[in-house]
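Data block for model35.txt (compact mmCIF, C-alpha atoms):
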# COMPACT_ATOMS: atom_id res chain seq x y z
CA MET A 1 -31.80 -8.70 -68.14
CA ALA A 2 -33.05 -5.13 -68.63
CA ILE A 3 -32.38 -2.80 -65.70
CA THR A 4 -35.19 -0.30 -65.24
CA ALA A 5 -35.05 3.14 -63.66
CA SER A 6 -37.36 1.79 -60.97
CA ASP A 7 -34.83 -0.93 -60.13
CA VAL A 8 -32.01 1.60 -59.92
CA ASN A 9 -34.04 3.92 -57.71
CA LYS A 10 -35.01 1.05 -55.40
CA LEU A 11 -31.35 0.12 -54.89
CA ARG A 12 -30.45 3.77 -54.39
CA GLN A 13 -33.09 4.09 -51.67
CA GLN A 14 -31.68 1.02 -49.91
CA THR A 15 -28.02 1.97 -50.04
CA GLY A 16 -27.76 5.72 -50.65
CA ALA A 17 -25.34 5.08 -53.50
CA GLY A 18 -25.35 7.22 -56.65
CA MET A 19 -27.60 6.41 -59.59
CA MET A 20 -24.77 5.28 -61.89
CA ASP A 21 -23.15 3.19 -59.15
CA CYS A 22 -26.50 1.48 -58.54
CA LYS A 23 -27.09 0.89 -62.23
CA ASN A 24 -23.61 -0.55 -62.74
CA ALA A 25 -23.98 -2.79 -59.69
CA LEU A 26 -27.32 -4.12 -60.95
CA VAL A 27 -25.90 -4.76 -64.41
CA GLU A 28 -22.95 -6.63 -62.91
CA ALA A 29 -25.35 -8.60 -60.67
CA ASN A 30 -27.72 -9.42 -63.57
CA GLY A 31 -30.50 -7.62 -61.74
CA ASP A 32 -30.14 -9.46 -58.42
CA PHE A 33 -30.59 -6.90 -55.63
CA GLU A 34 -28.73 -8.80 -52.89
CA THR A 35 -25.73 -9.35 -55.15
CA ALA A 36 -25.81 -5.69 -56.20
CA ILE A 37 -25.77 -4.62 -52.54
CA ASP A 38 -22.74 -6.88 -51.94
CA ILE A 39 -21.00 -5.31 -54.96
CA LEU A 40 -21.56 -1.83 -53.52
CA ARG A 41 -20.31 -2.98 -50.11
CA LYS A 42 -17.14 -4.39 -51.65
CA LYS A 43 -16.62 -1.07 -53.42
CA GLY A 44 -16.81 0.62 -50.02
CA GLN A 45 -14.27 -1.83 -48.59
CA LYS A 46 -11.86 -1.14 -51.46
CA ILE A 47 -12.16 2.62 -51.05
CA ALA A 48 -11.79 2.30 -47.27
CA ALA A 49 -8.58 0.32 -47.76
CA LYS A 50 -7.21 2.92 -50.18
CA ARG A 51 -8.08 5.87 -47.94
CA GLY A 52 -7.11 4.22 -44.67
CA ASP A 53 -4.12 6.55 -44.13
CA ASN A 54 -6.08 9.70 -44.96
CA GLU A 55 -6.97 12.14 -42.19
CA ALA A 56 -10.64 12.43 -41.27
CA LYS A 57 -10.68 15.74 -39.39
CA GLU A 58 -14.10 17.02 -40.41
CA GLY A 59 -17.44 15.53 -39.44
CA LEU A 60 -20.42 15.94 -37.16
CA SER A 61 -21.02 15.65 -33.43
CA ILE A 62 -24.56 14.93 -32.26
CA ALA A 63 -26.00 14.50 -28.76
CA GLN A 64 -29.51 13.23 -28.15
CA VAL A 65 -31.64 12.27 -25.16
CA ALA A 66 -33.97 9.28 -25.06
CA ALA A 67 -37.73 9.82 -24.76
CA SER A 68 -37.48 8.70 -21.11
CA GLY A 69 -35.30 11.73 -20.40
CA ASN A 70 -32.94 9.79 -18.15
CA GLU A 71 -30.27 8.76 -20.62
CA GLY A 72 -28.57 10.21 -23.65
CA VAL A 73 -25.84 9.50 -26.15
CA ILE A 74 -23.23 11.60 -27.90
CA LEU A 75 -20.95 10.70 -30.80
CA ILE A 76 -18.68 11.95 -33.55
CA LEU A 77 -18.57 10.56 -37.07
CA ASN A 78 -15.59 12.02 -38.91
CA CYS A 79 -15.14 12.50 -42.64
CA GLU A 80 -12.34 14.04 -44.69
CA THR A 81 -13.88 17.25 -46.01
CA ASP A 82 -16.24 19.99 -44.90
CA PHE A 83 -18.11 19.50 -48.18
CA VAL A 84 -19.30 16.09 -46.97
CA ALA A 85 -19.85 17.23 -43.36
CA ILE A 86 -22.36 19.91 -44.39
CA ASN A 87 -24.27 17.58 -46.72
CA ASP A 88 -27.82 16.80 -45.58
CA SER A 89 -27.52 13.12 -46.49
CA PHE A 90 -24.41 12.77 -44.31
CA ARG A 91 -26.19 14.39 -41.38
CA THR A 92 -29.13 12.03 -41.89
CA PHE A 93 -26.73 9.08 -41.82
CA VAL A 94 -25.06 10.29 -38.61
CA GLN A 95 -28.50 10.78 -37.04
CA SER A 96 -29.43 7.21 -37.98
CA ILE A 97 -26.41 5.92 -36.03
CA VAL A 98 -27.46 8.05 -33.05
CA ASP A 99 -30.91 6.45 -33.24
CA VAL A 100 -29.38 2.95 -33.22
CA ALA A 101 -27.21 3.89 -30.22
CA LEU A 102 -30.16 5.27 -28.26
CA ALA A 103 -32.20 2.14 -28.89
CA ASN A 104 -29.49 -0.13 -27.45
CA LYS A 105 -27.67 -0.18 -24.13
CA VAL A 106 -24.13 0.24 -25.43
CA THR A 107 -21.42 2.41 -23.90
CA THR A 108 -18.34 2.14 -26.16
CA VAL A 109 -17.42 2.77 -29.78
CA ASP A 110 -16.69 -0.92 -30.37
CA GLU A 111 -20.04 -1.99 -28.92
CA LEU A 112 -21.85 0.53 -31.12
CA LYS A 113 -20.00 -0.60 -34.24
CA ALA A 114 -21.00 -4.20 -33.54
CA LEU A 115 -24.74 -3.39 -33.29
CA LYS A 116 -27.12 -4.29 -36.09
CA TYR A 117 -27.78 -1.21 -38.21
CA ASP A 118 -30.52 -3.05 -40.08
CA ASP A 119 -31.43 -6.66 -40.81
CA LYS A 120 -28.37 -7.08 -43.06
CA LEU A 121 -25.50 -4.92 -41.80
CA THR A 122 -23.83 -3.91 -38.56
CA VAL A 123 -23.13 -0.24 -37.89
CA ASP A 124 -19.47 -0.79 -38.82
CA GLU A 125 -20.44 -2.49 -42.09
CA LYS A 126 -22.89 0.30 -42.89
CA ILE A 127 -20.17 2.90 -42.35
CA THR A 128 -17.92 0.96 -44.74
CA GLU A 129 -20.75 0.83 -47.28
CA GLN A 130 -21.12 4.61 -46.99
CA VAL A 131 -17.40 5.03 -47.65
CA GLY A 132 -18.16 3.60 -51.09
CA VAL A 133 -21.13 5.93 -51.50
CA ILE A 134 -19.35 9.09 -50.33
CA GLY A 135 -15.82 8.30 -51.51
CA GLU A 136 -14.16 9.52 -48.29
CA LYS A 137 -12.76 7.88 -45.19
CA LEU A 138 -15.33 7.79 -42.38
CA ASP A 139 -14.43 7.18 -38.75
CA LEU A 140 -16.75 6.71 -35.77
CA SER A 141 -14.14 8.23 -33.50
CA LYS A 142 -16.03 8.92 -30.25
CA PHE A 143 -19.14 7.65 -28.52
CA ALA A 144 -20.46 7.74 -24.95
CA ARG A 145 -23.66 7.43 -22.94
CA ILE A 146 -24.87 9.19 -19.80
CA SER A 147 -27.58 7.92 -17.45
CA ALA A 148 -29.01 10.16 -14.70
CA PRO A 149 -32.38 11.22 -13.26
CA LYS A 150 -32.44 13.94 -15.94
CA VAL A 151 -30.19 14.17 -19.02
CA VAL A 152 -30.00 17.25 -21.25
CA ALA A 153 -28.36 17.58 -24.67
CA TYR A 154 -27.13 20.65 -26.51
CA ASN A 155 -26.13 20.66 -30.18
CA HIS A 156 -24.36 23.82 -31.30
CA PRO A 157 -25.53 25.15 -34.69
CA GLY A 158 -23.59 23.38 -37.43
CA ASN A 159 -23.19 20.21 -35.36
CA GLN A 160 -19.44 20.62 -34.91
CA LEU A 161 -19.88 20.67 -31.13
CA ALA A 162 -22.28 18.91 -28.78
CA THR A 163 -22.64 18.50 -25.02
CA LEU A 164 -24.50 16.09 -22.78
CA VAL A 165 -25.29 16.76 -19.10
CA GLY A 166 -26.48 14.42 -16.36
CA LEU A 167 -28.46 16.07 -13.53
CA THR A 168 -29.44 14.87 -10.07
CA VAL A 169 -33.08 16.01 -10.21
CA ASP A 170 -35.81 15.15 -12.72
CA SER A 171 -38.06 18.16 -13.23
CA ALA A 172 -38.94 20.87 -15.76
CA THR A 173 -36.90 23.35 -13.74
CA ALA A 174 -33.91 21.02 -13.79
CA GLU A 175 -34.24 20.57 -17.55
CA ASP A 176 -34.29 24.32 -18.17
CA ALA A 177 -31.30 24.92 -15.88
CA GLY A 178 -29.53 21.95 -17.46
CA LYS A 179 -29.89 23.46 -20.92
CA GLN A 180 -28.20 26.64 -19.72
CA VAL A 181 -25.37 24.61 -18.18
CA ALA A 182 -25.05 22.51 -21.36
CA MET A 183 -24.49 25.72 -23.32
CA GLN A 184 -21.98 26.89 -20.70
CA ILE A 185 -20.02 23.67 -21.18
CA ALA A 186 -20.00 24.27 -24.94
CA ALA A 187 -18.72 27.82 -24.50
CA MET A 188 -16.30 27.45 -21.58
CA ASN A 189 -14.94 23.90 -22.16
CA PRO A 190 -14.36 22.85 -18.51
CA ILE A 191 -11.80 20.07 -18.02
CA ALA A 192 -13.63 18.37 -15.12
CA LEU A 193 -16.76 18.53 -12.98
CA ASP A 194 -14.86 19.79 -9.89
CA LYS A 195 -11.31 19.90 -8.59
CA GLU A 196 -11.48 16.26 -7.48
CA GLY A 197 -11.88 15.32 -11.13
CA VAL A 198 -8.65 17.01 -12.25
CA ASP A 199 -5.87 14.49 -12.81
CA ALA A 200 -2.67 14.57 -10.75
CA ASP A 201 -0.44 15.38 -13.75
CA THR A 202 -2.44 18.52 -14.55
CA ILE A 203 -2.31 19.66 -10.92
CA ALA A 204 1.45 19.08 -10.72
CA ARG A 205 1.98 21.00 -13.96
CA GLU A 206 -0.12 23.96 -12.82
CA LEU A 207 1.70 24.09 -9.47
CA GLU A 208 5.07 24.05 -11.23
CA ILE A 209 4.02 26.78 -13.66
CA GLY A 210 2.60 28.91 -10.84
CA LYS A 211 5.77 28.52 -8.78
CA GLU A 212 8.03 29.34 -11.72
CA LEU A 213 6.03 32.47 -12.55
CA ALA A 214 6.27 33.65 -8.93
CA ILE A 215 10.06 33.12 -8.91
CA GLN A 216 10.34 35.07 -12.17
CA GLU A 217 8.44 37.87 -10.44
CA GLY A 218 11.16 37.93 -7.78
CA LYS A 219 9.37 36.04 -4.99
CA PRO A 220 11.37 33.81 -2.60
CA ALA A 221 11.01 30.05 -3.11
CA GLU A 222 8.86 29.50 0.01
CA MET A 223 6.52 32.33 -0.91
CA ALA A 224 6.44 31.14 -4.52
CA ALA A 225 5.11 27.75 -3.39
CA LYS A 226 2.24 29.42 -1.50
CA ILE A 227 1.50 31.68 -4.44
CA SER A 228 1.35 28.67 -6.75
CA GLU A 229 -1.28 27.11 -4.47
CA GLY A 230 -3.39 30.26 -4.82
CA ARG A 231 -2.99 30.21 -8.57
CA LEU A 232 -4.02 26.54 -8.61
CA ASN A 233 -7.26 27.46 -6.83
CA LYS A 234 -7.89 30.10 -9.48
CA PHE A 235 -7.21 27.48 -12.15
CA PHE A 236 -9.87 25.24 -10.56
CA GLN A 237 -12.35 28.11 -10.50
CA GLU A 238 -11.82 28.87 -14.17
CA ASN A 239 -11.60 25.32 -15.50
CA THR A 240 -13.89 23.04 -13.47
CA LEU A 241 -17.58 23.23 -14.28
CA LEU A 242 -19.20 23.64 -10.87
CA SER A 243 -16.70 26.32 -9.82
CA GLN A 244 -16.84 28.32 -13.06
CA PRO A 245 -18.62 31.68 -12.95
CA PHE A 246 -22.07 31.16 -14.47
CA VAL A 247 -22.02 32.78 -17.90
CA ARG A 248 -25.42 34.45 -17.53
CA ASP A 249 -24.68 35.80 -14.05
CA ASN A 250 -21.00 35.81 -13.11
CA LYS A 251 -21.81 36.83 -9.54
CA VAL A 252 -22.50 33.14 -8.86
CA ASN A 253 -20.76 29.96 -9.98
CA VAL A 254 -22.50 27.09 -11.76
CA GLU A 255 -22.95 25.09 -8.56
CA GLN A 256 -24.66 28.05 -6.86
CA PHE A 257 -26.85 28.72 -9.90
CA LEU A 258 -28.12 25.12 -9.93
CA ALA A 259 -28.76 25.08 -6.17
CA SER A 260 -30.77 28.29 -6.46
CA ALA A 261 -32.81 26.89 -9.34
CA GLU A 262 -33.95 23.83 -7.39
CA LYS A 263 -33.00 22.23 -4.10
CA GLY A 264 -30.56 19.35 -4.51
CA LEU A 265 -29.93 20.10 -8.18
CA THR A 266 -26.38 19.67 -9.46
CA VAL A 267 -24.47 18.03 -12.31
CA SER A 268 -23.44 14.40 -11.84
CA GLU A 269 -21.62 14.03 -15.16
CA PHE A 270 -21.03 15.85 -18.43
CA LEU A 271 -19.50 15.28 -21.85
CA ARG A 272 -18.33 17.69 -24.53
CA PHE A 273 -17.45 16.40 -28.01
CA SER A 274 -16.04 18.67 -30.70
CA THR A 275 -14.85 17.89 -34.23
CA LYS A 276 -12.43 20.82 -34.10

Would you mind giving the structure from this file in structure tokens?
Amino acid sequence: MAITASDVNKLRQQTGAGMMDCKNALVEANGDFETAIDILRKKGQKIAAKRGDNEAKEGLSIAQVAASGNEGVILILNCETDFVAINDSFRTFVQSIVDVALANKVTTVDELKALKYDDKLTVDEKITEQVGVIGEKLDLSKFARISAPKVVAYNHPGNQLATLVGLTVDSATAEDAGKQVAMQIAAMNPIALDKEGVDADTIARELEIGKELAIQEGKPAEMAAKISEGRLNKFFQENTLLSQPFVRDNKVNVEQFLASAEKGLTVSEFLRFSTK
């Protein structure tokens, strides 16, 4: 049967595939749209299998808060090249996965992949289909959700870095303060909320390094141990969010800034995802 430009464009709108790929799929399917979609999906599966060992180090990270304001999601979809990552159609596709995640109460990558993307495909199947469209390996490498009285998202220009912050108070003041803290997290990359959130291996390593440095400086072993404890406290101050000096006013730390903004306001949880 004759394949019209209208038919090709309709299939392109449904799948995002290139014009020639859509035309060839329709020709092979004798004009049947469902069969043509399956042909394009199989192409994606073949390309995915071929590129399975390739590194997908580029991509986009997007954080977004639900309309309710009390939950948000953050994810990374990786691709192979910066050329794809900066493409508007790729960003639109990543945003569509964010929308699916926000609309459903999922908390893990596997749960998100298993969700229905539309009435035909799961998120995982749609990603595979897009592999055929784009011609690169795609990997939904990270996903998480935060629920709190107030959740704030920050997306750094270029969408290579995003942060998500859960706050203990729901108010306009809390949202404004939360945005400032979300940007602080992006800039300062804290490893934990407070010192209680730092794992034992990191603490042991920092104590050992601090002690060794003190010994190299000529301090006795007993004194070196005490010095290492002091250096550990400095490590906590520099690397845990609530103890970090607030970027906009380093006379106070983040915890003090939040408390001064509104009574009872602090961070309950945060996430920072970066493609780099």

Legend entry - Separation of CA of Ala85 in chain A from CA of Thr108 in chain A in Å: 22.9 Å

I'd like a table as a Markdown table: residues in range 79-154 of chain A with an atom no more than 9 Å from range 173-177 of chain A, each row giving the shortest atom pair and its distance in Å to one decimal, only C-alpha atoms counted, sorted by chain and rising residue number.
| residue | atom | partner | partner_atom | distance |
| --- | --- | --- | --- | --- |
| A:Lys150 | CA | A:Glu175 | CA | 7.1 |
| A:Val151 | CA | A:Glu175 | CA | 7.7 |
| A:Val152 | CA | A:Glu175 | CA | 6.5 |

Inset, instruction - Rank A:His156, A:Lys23, A:Lys276, A:Lys211 by their smallest atom-to-atom distance to Leu232 in chain A, using only C-alpha atoms, and report the top residue only. - result: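 Once distances to Leu232 in chain A are computed over only C-alpha atoms, the minimum belongs to A:Lys211.
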
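Non-sequential neighbours of Phe270 in chain A (distance at most 7 Å, separation of 2 or more positions within a chain, all atoms listed in the file) are Leu164, Val165, Gly166 and Arg272 of chain A.
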
Inset, instruction - Compile the contact shell of Thr168 in chain A as a PyMOL selection string: residues with an atom at most 7 Å away, counting all atoms listed in the file, same-chain residues fewer than 5 positions apart removed. - result: chain A and resi 148-150+265-268

Can you write out the residues you just picked, keeping C-alpha atoms, as a compact mmCIF listing (two decimals), in the coordinates of the input?
# COMPACT_ATOMS: atom_id res chain seq x y z
CA ALA A 148 -29.01 10.16 -14.70
CA PRO A 149 -32.38 11.22 -13.26
CA LYS A 150 -32.44 13.94 -15.94
CA LEU A 265 -29.93 20.10 -8.18
CA THR A 266 -26.38 19.67 -9.46
CA VAL A 267 -24.47 18.03 -12.31
CA SER A 268 -23.44 14.40 -11.84

Legend entry - Atom-to-atom span, CA of Ala259 in chain A and CA of Phe235 in chain A, Å: 22.5 Å

Inset, instruction - Give me, please, the distance in Å between CA of Leu138 in chain A and CA of Gly59 in chain A, quoted to one decimal. - result: 8.5 Å

Inset, instruction - Have a look at A:Leu258, A:Ala25, A:Ile209, A:Ile146 and name the one nearest to Lys42 in chain A; count all atoms listed in the file. - result: A:Ala25

Inset, instruction - Take the point (-17.3, 2.7, -27.1) in the file's coordinates, draw a sphere of radius 9 Å around it, and report as number ranges by chain every protein, DNA or RNA residue with an atom inside or on it, counting all atoms listed in the file. - result: A: 106-113, 142-145

Legend entry - Protein and nucleic acid residues near (-21.3, 25.1, -10.6) (cut-off 12 Å, all atoms listed in the file) as a ChimeraX atom specification: /A:167,177-178,180-182,184-185,190,192-195,236-247,249-261,265-269

Legend entry - Residue nearest Asp139 in chain A among A:Asn54, A:Thr35, A:Gln64, A:Thr122 (counting all atoms listed in the file): A:Asn54

Legend entry - Nearest to Gly230 in chain A, chosen from A:Leu207, A:Ser96, A:Glu212, A:Lys43, with all atoms listed in the file counted in the distances: A:Leu207

If the box runs along x, y and z of the file and leaves 3 Å on each side of range 28-36 of chain A, what are its centre and edge lengths in Å, one decimal, as JSON?
{"center_x": -26.8, "center_y": -7.6, "center_z": -58.2, "size_x": 13.6, "size_y": 9.8, "size_z": 16.7}

Legend entry - Exercise: range 9-15 of chain A partners within 9 Å, all atoms listed in the file, chain neighbours under 6 positions left out, as a PyMOL selection string: chain A and resi 21-23+26+33+36-37+40+126+129-130+133

Inset, instruction - Between A:Ser228, A:Gln95, A:Asn104, A:Thr275, single out the one closest to Thr81 in chain A, counting only C-alpha atoms. - result: A:Thr275

Legend entry - Given only C-alpha atoms as the counted atoms, nearest of A:Asn24, A:Ser171, A:Thr92, A:Asn30 to Ala2 in chain A: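 Of all the options, A:Asn30 lies closest to Ala2 in chain A.
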
Legend entry - Test item: residues at most 9 Å from Ala114 in chain A, all atoms listed in the file, excluding those fewer than 6 positions along its chain, as a ChimeraX atom specification: /A:122-125

Inset, instruction - Please provide the set of residues having any atom within 9 Å of Phe273 in chain A, restricted to all atoms listed in the file, with same-chain residues fewer than 3 positions apart removed, written as a list of chain:residue names. - result: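 Neighbouring residues, sequence-local ones excluded: A:Ser61, A:Ile62, A:Ala63, A:Ile74, A:Leu75, A:Ile76, A:Lys142, A:Phe143, A:Gln160, A:Leu161, A:Ala162, A:Thr163, A:Leu164, A:Ala186.
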